[in-house]
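Report on one structure; see the data block that follows.
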Number of protein chains: 2
Amino acid sequence: MYVTSPIKTIESQITLSPGHCDEFPSTHEVTFREGDNLFYTGDEADYVYEVVEGVVRSSKVLADGRRQVLNFCYAGEMIGLSHDSYYHCDCDAVSKVRVRLHRKNAFMKDIENDPEFCLKLLRKAAAEVNNMQDHFLMLGRKNAVEKISSFLVAIMDRQNLAKLNSVIFDLPMNRSDIADFLGMTIETVSRNFTKLRKMGVIDLPSTHQVRVVEPARLRSLAENKT
Amino acid sequence: MYVTSPIKTIESQITLSPGHCDEFPSTHEVTFREGDNLFYTGDEADYVYEVVEGVVRSSKVLADGRRQVLNFCYAGEMIGLSHDSYYHCDCDAVSKVRVRLHRKNAFMKDIENDPEFCLKLLRKAAAEVNNMQDHFLMLGRKNAVEKISSFLVAIMDRQNLAKLNSVIFDLPMNRSDIADFLGMTIETVSRNFTKLRKMGVIDLPSTHQVRVVEPARLRSLAENKT
DNA sequence: CGAAGTATTGACTACCTTCAAAAATTGTGG
DNA sequence: CCACAATTTTTGAAGGTAGTCAATACTTCG
């Protein structure tokens, strides 16, 4: 037996479809409002979360409060699969969120009983590692414009908006989330959104919407200085 | 049947022991000299590499030459397990290196035939994702001193030197490698090694050796400003 | 409509980078 | 083993990008 919707991600990014885990009601849905916490670092990792609707944010925080956003999880993705029995990041709702909770016990049993499922997960984990390595390159080596550009390109690619000439999409997260994801400040994020707008590469119909006017140019800005 | 030495890492970090893959001579050893390339981005990923001796470096490079070192692999660790049929990073010998090559076909077969092995790999992948997330925090949010401190602490922990009061160990990689791993320049790396030395936290018997005089202080510097 | 929160813009600062030179280390040939 | 060249590392000085602090504008929500 399989659940209906696709399952994704370890710590938010491993994609598997179709999912497993419902011999019993080992699965149930919960709703969170914007800003609500799903789990904290150190909590017992009893569940694996599958985002059904909305966007969640995972993050780590230093003792003095500096925060790094690790990922934004969209519908169809999973978060909270840990290598041990505790969560290793905080997880919060960026928007109103509906999630399906999978009991970890049942989930792990499914993996053990289905080698193909396990292998698929492993392959997705490797793909995820590769994605994260690209993020390393961005955090470590790209400047502000390149970071913002990369961020927007990544969203386009993730939502299969890559091939369109001009695209408009939502940014459910606020400037603070973006800043903490890209390793910069909200001011620098804002300044560089403005910069891209003034360059004519993007337009900002509202603070939570982006129209990419010149996708090709944005893509080249994401990698090189121009 | 199992190979004798422990196997580690997907893209260098997933640890499994004991390893598999030797029903046939699907495994053989090769030696590389310092600076030699093991594989490049885009090469056919025919082998999974297990480091037996020495240290290898994986990295990604932007079009204009900016480089991000992704990881340093020590003896017992593996690199080159890709989610598809190509490598996604460059891999080079930091020192003289002996590696055991595992044919990918055989390796994958082993995974398929041994659910326990696969699950172990998956768990290690999740642990690795968590490690990489900590690296996100470092690249995105830590300053120069904190980066150098974190780097040294990570090496100590990796080599189980954590509990000693004063430790001395080798740094096989050069300043340029460290800079590209931590997302800074060689000058900043050098200046901050000097800074930590002048603070009395570490000593530098040679450019490729570090003595940690005050491990506890180094550890606190790795996370907070002091 | 007013208050609170978020985003943008501006002025100034700081940290890291860049450019440059000196010092130290490594490698090579006599 | 030493001398010299090449490379790497360290140190110095100047400059730039992003950060900080502060004020204004915009949005959201009661």
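For the structure tokens, the naming scheme is as follows: chains receive sequential letters (A, B, ...) according to their order of presentation, residues are indexed from 1 within each chain, and ligands are indexed from 1 in presentation order.
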For chain B, work out the contacting residues on chain D at 12 Å, counting only C-alpha atoms (C1' of nucleotides), and write them as a ChimeraX atom specification. /D:7-12
Please produce a file of those selected residues containing C-alpha atoms (C1' of nucleotides), as a compact mmCIF listing (two decimals), in the first residue's frame.
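Contents of selection-v4.txt, freshly written:
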```txt
# COMPACT_ATOMS: atom_id res chain seq x y z
C1' DT D 7 56.80 28.25 -4.68
C1' DT D 8 54.27 29.13 -0.63
C1' DT D 9 53.36 31.78 3.35
C1' DT D 10 53.36 35.84 5.96
C1' DT D 11 52.98 40.64 6.55
C1' DG D 12 51.80 45.39 5.10
```
Could the residues of chain C within 10 Å of chain A, counting only C-alpha atoms (C1' of nucleotides), be given as a VMD selection string, please? chain C and resid 6 to 9
How would the residues just chosen look if you wrote them out with N, CA and C atoms (P, O5', C5', C4', C3', O3' and C1' of nucleotides) as an mmCIF file, in the first residue's frame?
```cif
data_model
loop_
_atom_site.group_PDB
_atom_site.id
_atom_site.type_symbol
_atom_site.label_atom_id
_atom_site.label_comp_id
_atom_site.auth_asym_id
_atom_site.auth_seq_id
_atom_site.Cartn_x
_atom_site.Cartn_y
_atom_site.Cartn_z
ATOM 1 P P DT C 6 7.595 41.347 11.279
ATOM 2 O "O5'" DT C 6 7.916 41.939 9.835
ATOM 3 C "C5'" DT C 6 6.908 41.930 8.841
ATOM 4 C "C4'" DT C 6 7.363 42.746 7.654
ATOM 5 C "C3'" DT C 6 8.786 42.421 7.180
ATOM 6 O "O3'" DT C 6 8.698 42.035 5.824
ATOM 7 C "C1'" DT C 6 8.437 44.760 7.350
ATOM 8 P P DA C 7 9.981 41.689 4.963
ATOM 9 O "O5'" DA C 7 10.251 43.074 4.230
ATOM 10 C "C5'" DA C 7 9.241 43.621 3.387
ATOM 11 C "C4'" DA C 7 9.746 44.892 2.752
ATOM 12 C "C3'" DA C 7 11.115 44.777 2.076
ATOM 13 O "O3'" DA C 7 10.986 45.299 0.759
ATOM 14 C "C1'" DA C 7 11.078 46.611 3.582
ATOM 15 P P DT C 8 12.225 45.368 -0.233
ATOM 16 O "O5'" DT C 8 12.681 46.878 -0.087
ATOM 17 C "C5'" DT C 8 11.774 47.912 -0.471
ATOM 18 C "C4'" DT C 8 12.373 49.262 -0.153
ATOM 19 C "C3'" DT C 8 13.702 49.561 -0.843
ATOM 20 O "O3'" DT C 8 13.514 50.738 -1.627
ATOM 21 C "C1'" DT C 8 13.766 50.160 1.447
ATOM 22 P P DT C 9 14.567 51.185 -2.730
ATOM 23 O "O5'" DT C 9 15.429 52.242 -1.906
ATOM 24 C "C5'" DT C 9 14.799 53.406 -1.396
ATOM 25 C "C4'" DT C 9 15.696 54.115 -0.426
ATOM 26 C "C3'" DT C 9 17.122 54.401 -0.916
ATOM 27 O "O3'" DT C 9 17.270 55.813 -1.034
ATOM 28 C "C1'" DT C 9 17.086 53.683 1.350
#
```
Out of chain B, which residues get helix (DSSP H, G or I) from DSSP, as a PyMOL selection string? chain B and resi 104-113+115-141+144-158+175-182+186-199+215-221
At a cut-off of 6 Å, which residues of chain A touch chain B? Count only C-alpha atoms and give the answer as a CSV table (one decimal) with all heavy atoms, in the first residue's frame.
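To be explicit, this is the file written out as result.csv:
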```
chain,number,residue,atom,x,y,z
A,68,GLN,N,21.2,30.4,10.3
A,68,GLN,CA,21.4,30.0,8.9
A,68,GLN,C,20.2,29.2,8.5
A,68,GLN,O,19.9,28.2,9.1
A,68,GLN,CB,22.7,29.1,8.8
A,68,GLN,CG,22.9,28.6,7.3
A,68,GLN,CD,23.3,29.7,6.4
A,68,GLN,OE1,24.0,30.6,6.7
A,68,GLN,NE2,22.7,29.7,5.2
A,83,HIS,N,19.4,10.9,11.2
A,83,HIS,CA,20.2,9.7,11.3
A,83,HIS,C,20.1,9.1,12.7
A,83,HIS,O,20.5,8.0,12.9
A,83,HIS,CB,21.6,10.0,10.9
A,83,HIS,CG,22.3,11.0,11.8
A,83,HIS,ND1,22.0,12.4,11.8
A,83,HIS,CD2,23.2,10.9,12.8
A,83,HIS,CE1,22.7,13.0,12.7
A,83,HIS,NE2,23.5,12.1,13.3
A,115,PRO,N,13.7,-2.9,-0.4
A,115,PRO,CA,15.1,-2.5,-0.8
A,115,PRO,C,15.0,-1.4,-1.9
A,115,PRO,O,15.9,-0.5,-1.9
A,115,PRO,CB,15.7,-3.8,-1.3
A,115,PRO,CG,14.9,-4.9,-0.7
A,115,PRO,CD,13.5,-4.3,-0.5
A,122,LEU,N,18.4,6.5,-1.1
A,122,LEU,CA,19.8,6.7,-1.1
A,122,LEU,C,20.3,7.5,-2.3
A,122,LEU,O,21.1,8.4,-2.2
A,122,LEU,CB,20.5,5.3,-1.1
A,122,LEU,CG,22.0,5.3,-1.0
A,122,LEU,CD1,22.4,6.0,0.3
A,122,LEU,CD2,22.6,3.9,-1.0
A,123,ARG,N,19.7,7.2,-3.5
A,123,ARG,CA,20.0,7.9,-4.7
A,123,ARG,C,19.6,9.4,-4.5
A,123,ARG,O,20.3,10.3,-4.9
A,123,ARG,CB,19.3,7.3,-5.9
A,123,ARG,CG,19.9,7.7,-7.2
A,123,ARG,CD,19.4,6.8,-8.3
A,123,ARG,NE,20.2,5.7,-8.6
A,123,ARG,CZ,19.8,4.4,-8.6
A,123,ARG,NH1,18.6,4.1,-8.4
A,123,ARG,NH2,20.7,3.5,-8.9
A,126,ALA,N,22.1,11.2,-2.3
A,126,ALA,CA,23.3,11.6,-3.1
A,126,ALA,C,23.0,12.8,-3.9
A,126,ALA,O,23.8,13.7,-4.0
A,126,ALA,CB,23.7,10.4,-4.0
A,127,ALA,N,21.8,12.8,-4.6
A,127,ALA,CA,21.5,14.0,-5.4
A,127,ALA,C,21.4,15.3,-4.5
A,127,ALA,O,21.8,16.3,-4.8
A,127,ALA,CB,20.1,13.8,-6.1
A,137,LEU,N,29.2,26.4,-2.7
A,137,LEU,CA,29.9,27.3,-3.7
A,137,LEU,C,29.2,28.7,-3.6
A,137,LEU,O,29.9,29.7,-3.6
A,137,LEU,CB,29.7,26.7,-5.1
A,137,LEU,CG,30.5,27.3,-6.2
A,137,LEU,CD1,32.0,27.3,-5.9
A,137,LEU,CD2,30.3,26.5,-7.5
A,139,LEU,N,27.5,30.0,-1.0
A,139,LEU,CA,27.7,30.7,0.3
A,139,LEU,C,29.2,31.1,0.4
A,139,LEU,O,29.5,32.2,1.0
A,139,LEU,CB,27.4,29.7,1.5
A,139,LEU,CG,25.9,29.5,1.7
A,139,LEU,CD1,25.8,28.4,2.8
A,139,LEU,CD2,25.2,30.7,2.2
A,140,GLY,N,30.1,30.3,-0.1
A,140,GLY,CA,31.5,30.5,0.1
A,140,GLY,C,32.1,31.5,-0.9
A,140,GLY,O,33.0,32.2,-0.6
A,141,ARG,N,31.6,31.5,-2.1
A,141,ARG,CA,32.3,32.1,-3.2
A,141,ARG,C,31.5,33.2,-4.0
A,141,ARG,O,32.1,33.9,-4.9
A,141,ARG,CB,32.9,31.1,-4.1
A,141,ARG,CG,34.1,30.3,-3.6
A,141,ARG,CD,35.2,31.3,-3.3
A,141,ARG,NE,36.4,30.8,-2.6
A,141,ARG,CZ,37.1,31.4,-1.8
A,141,ARG,NH1,36.7,32.7,-1.4
A,141,ARG,NH2,38.2,30.9,-1.2
A,183,GLY,N,23.2,33.9,3.6
A,183,GLY,CA,24.3,34.3,4.4
A,183,GLY,C,24.6,35.8,4.2
A,183,GLY,O,25.7,36.2,4.0
```
Rounded to one decimal, what separation in Å do you get between CA of Thr31 in chain B and CA of Ile155 in chain B? 23.9 Å
Can you pull out every residue within 12 Å of DC21 in chain D, counting only C-alpha atoms (C1' of nucleotides), but drop anything in the same chain fewer than 3 positions away, and send it as a VMD selection string? (chain A and resid 187) or (chain C and resid 10 to 13)
Quick check for you: according to DSSP on this backbone, which residues of range 40-77 of chain A are classed as strand (DSSP E or B)? Reply as a PyMOL selection string. chain A and resi 44+47-53+56-61+67-73
Measure the distance from CA of Tyr74 in chain A to CA of Arg57 in chain A in Å and round it to one decimal.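 That distance, rounded to one decimal, is 9.1 Å.
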Val212 in chain B environment, 12 Å, only C-alpha atoms (C1' of nucleotides), sequence neighbours closer than 5 positions dropped, as a PyMOL selection string: chain B and resi 149+152-153+155-156+161-170+193+196-197+199-205+217-219
Keeping only N, CA, C and O atoms, take the residues you just selected and write them out as a compact mmCIF listing (two decimals), in the first residue's frame.
```txt
# COMPACT_ATOMS: atom_id res chain seq x y z
N SER B 149 38.92 28.48 13.57
CA SER B 149 38.73 27.69 14.79
C SER B 149 37.86 26.47 14.53
O SER B 149 38.20 25.35 14.93
N LEU B 152 39.78 23.77 12.64
CA LEU B 152 40.71 23.01 13.47
C LEU B 152 39.97 22.06 14.41
O LEU B 152 40.37 20.90 14.59
N VAL B 153 38.88 22.54 14.99
CA VAL B 153 38.09 21.70 15.88
C VAL B 153 37.54 20.50 15.12
O VAL B 153 37.59 19.36 15.61
N ILE B 155 38.81 19.01 12.55
CA ILE B 155 39.88 18.05 12.31
C ILE B 155 40.16 17.24 13.57
O ILE B 155 40.30 16.02 13.52
N MET B 156 40.21 17.94 14.71
CA MET B 156 40.45 17.23 15.97
C MET B 156 39.37 16.18 16.22
O MET B 156 39.67 15.05 16.56
N LEU B 161 40.79 13.38 18.50
CA LEU B 161 41.77 14.05 19.36
C LEU B 161 41.06 14.99 20.33
O LEU B 161 41.68 15.84 20.96
N ALA B 162 39.77 14.81 20.43
CA ALA B 162 38.92 15.77 21.13
C ALA B 162 39.24 15.90 22.61
O ALA B 162 39.23 16.99 23.16
N LYS B 163 39.55 14.77 23.24
CA LYS B 163 39.61 14.79 24.70
C LYS B 163 40.96 15.20 25.28
O LYS B 163 41.11 15.35 26.48
N LEU B 164 41.95 15.32 24.41
CA LEU B 164 43.28 15.63 24.91
C LEU B 164 43.40 17.12 25.27
O LEU B 164 42.72 17.97 24.71
N ASN B 165 44.28 17.40 26.20
CA ASN B 165 44.46 18.78 26.66
C ASN B 165 45.24 19.62 25.66
O ASN B 165 44.96 20.78 25.44
N SER B 166 46.26 19.01 25.09
CA SER B 166 47.06 19.70 24.09
C SER B 166 47.36 18.72 22.97
O SER B 166 47.80 17.61 23.23
N VAL B 167 47.06 19.11 21.76
CA VAL B 167 47.15 18.18 20.65
C VAL B 167 48.04 18.75 19.56
O VAL B 167 48.05 19.96 19.33
N ILE B 168 48.76 17.89 18.89
CA ILE B 168 49.50 18.33 17.71
C ILE B 168 49.10 17.45 16.54
O ILE B 168 48.96 16.23 16.70
N PHE B 169 48.82 18.06 15.40
CA PHE B 169 48.45 17.25 14.22
C PHE B 169 48.89 17.94 12.94
O PHE B 169 49.23 19.12 12.93
N ASP B 170 48.87 17.15 11.85
CA ASP B 170 49.29 17.65 10.55
C ASP B 170 48.15 18.34 9.81
O ASP B 170 46.99 17.98 9.97
N PHE B 193 45.45 32.48 11.37
CA PHE B 193 46.32 31.50 12.04
C PHE B 193 47.27 32.25 12.98
O PHE B 193 47.44 31.88 14.13
N LEU B 196 45.46 33.55 16.08
CA LEU B 196 45.22 32.50 17.08
C LEU B 196 46.54 32.13 17.78
O LEU B 196 46.55 31.85 18.98
N ARG B 197 47.62 32.17 17.01
CA ARG B 197 48.92 31.88 17.61
C ARG B 197 49.29 32.97 18.63
O ARG B 197 49.70 32.68 19.74
N MET B 199 47.34 34.83 20.22
CA MET B 199 46.44 34.75 21.35
C MET B 199 46.84 33.61 22.30
O MET B 199 46.30 33.50 23.40
N GLY B 200 47.71 32.74 21.82
CA GLY B 200 48.16 31.62 22.65
C GLY B 200 47.23 30.42 22.60
O GLY B 200 47.37 29.48 23.39
N VAL B 201 46.30 30.42 21.66
CA VAL B 201 45.36 29.30 21.56
C VAL B 201 45.98 28.13 20.82
O VAL B 201 45.76 26.97 21.15
N ILE B 202 46.76 28.45 19.80
CA ILE B 202 47.44 27.40 19.05
C ILE B 202 48.91 27.76 18.90
O ILE B 202 49.32 28.88 19.19
N ASP B 203 49.68 26.79 18.42
CA ASP B 203 51.05 27.07 18.01
C ASP B 203 51.24 26.45 16.64
O ASP B 203 50.52 25.51 16.26
N LEU B 204 52.19 27.00 15.86
CA LEU B 204 52.40 26.51 14.51
C LEU B 204 53.86 26.12 14.32
O LEU B 204 54.67 26.88 13.81
N PRO B 205 54.18 24.88 14.74
CA PRO B 205 55.57 24.40 14.65
C PRO B 205 56.11 24.50 13.22
O PRO B 205 57.26 24.80 13.00
N ARG B 217 39.34 26.71 24.64
CA ARG B 217 39.22 28.09 24.16
C ARG B 217 38.98 28.09 22.64
O ARG B 217 38.15 28.86 22.14
N LEU B 218 39.70 27.22 21.95
CA LEU B 218 39.51 27.12 20.50
C LEU B 218 38.07 26.75 20.18
O LEU B 218 37.45 27.30 19.27
N ARG B 219 37.55 25.82 20.97
CA ARG B 219 36.18 25.36 20.77
C ARG B 219 35.18 26.49 20.98
O ARG B 219 34.20 26.61 20.24
```
Between CA of Val56 in chain A and CA of Met173 in chain A, what is the spacing in Å? 9.1 Å
Got a sec: who's within 12 Å of DA14 in chain D, counting only C-alpha atoms (C1' of nucleotides), leaving out chain neighbours fewer than 5 positions off, as number ranges by chain? C: 17-20
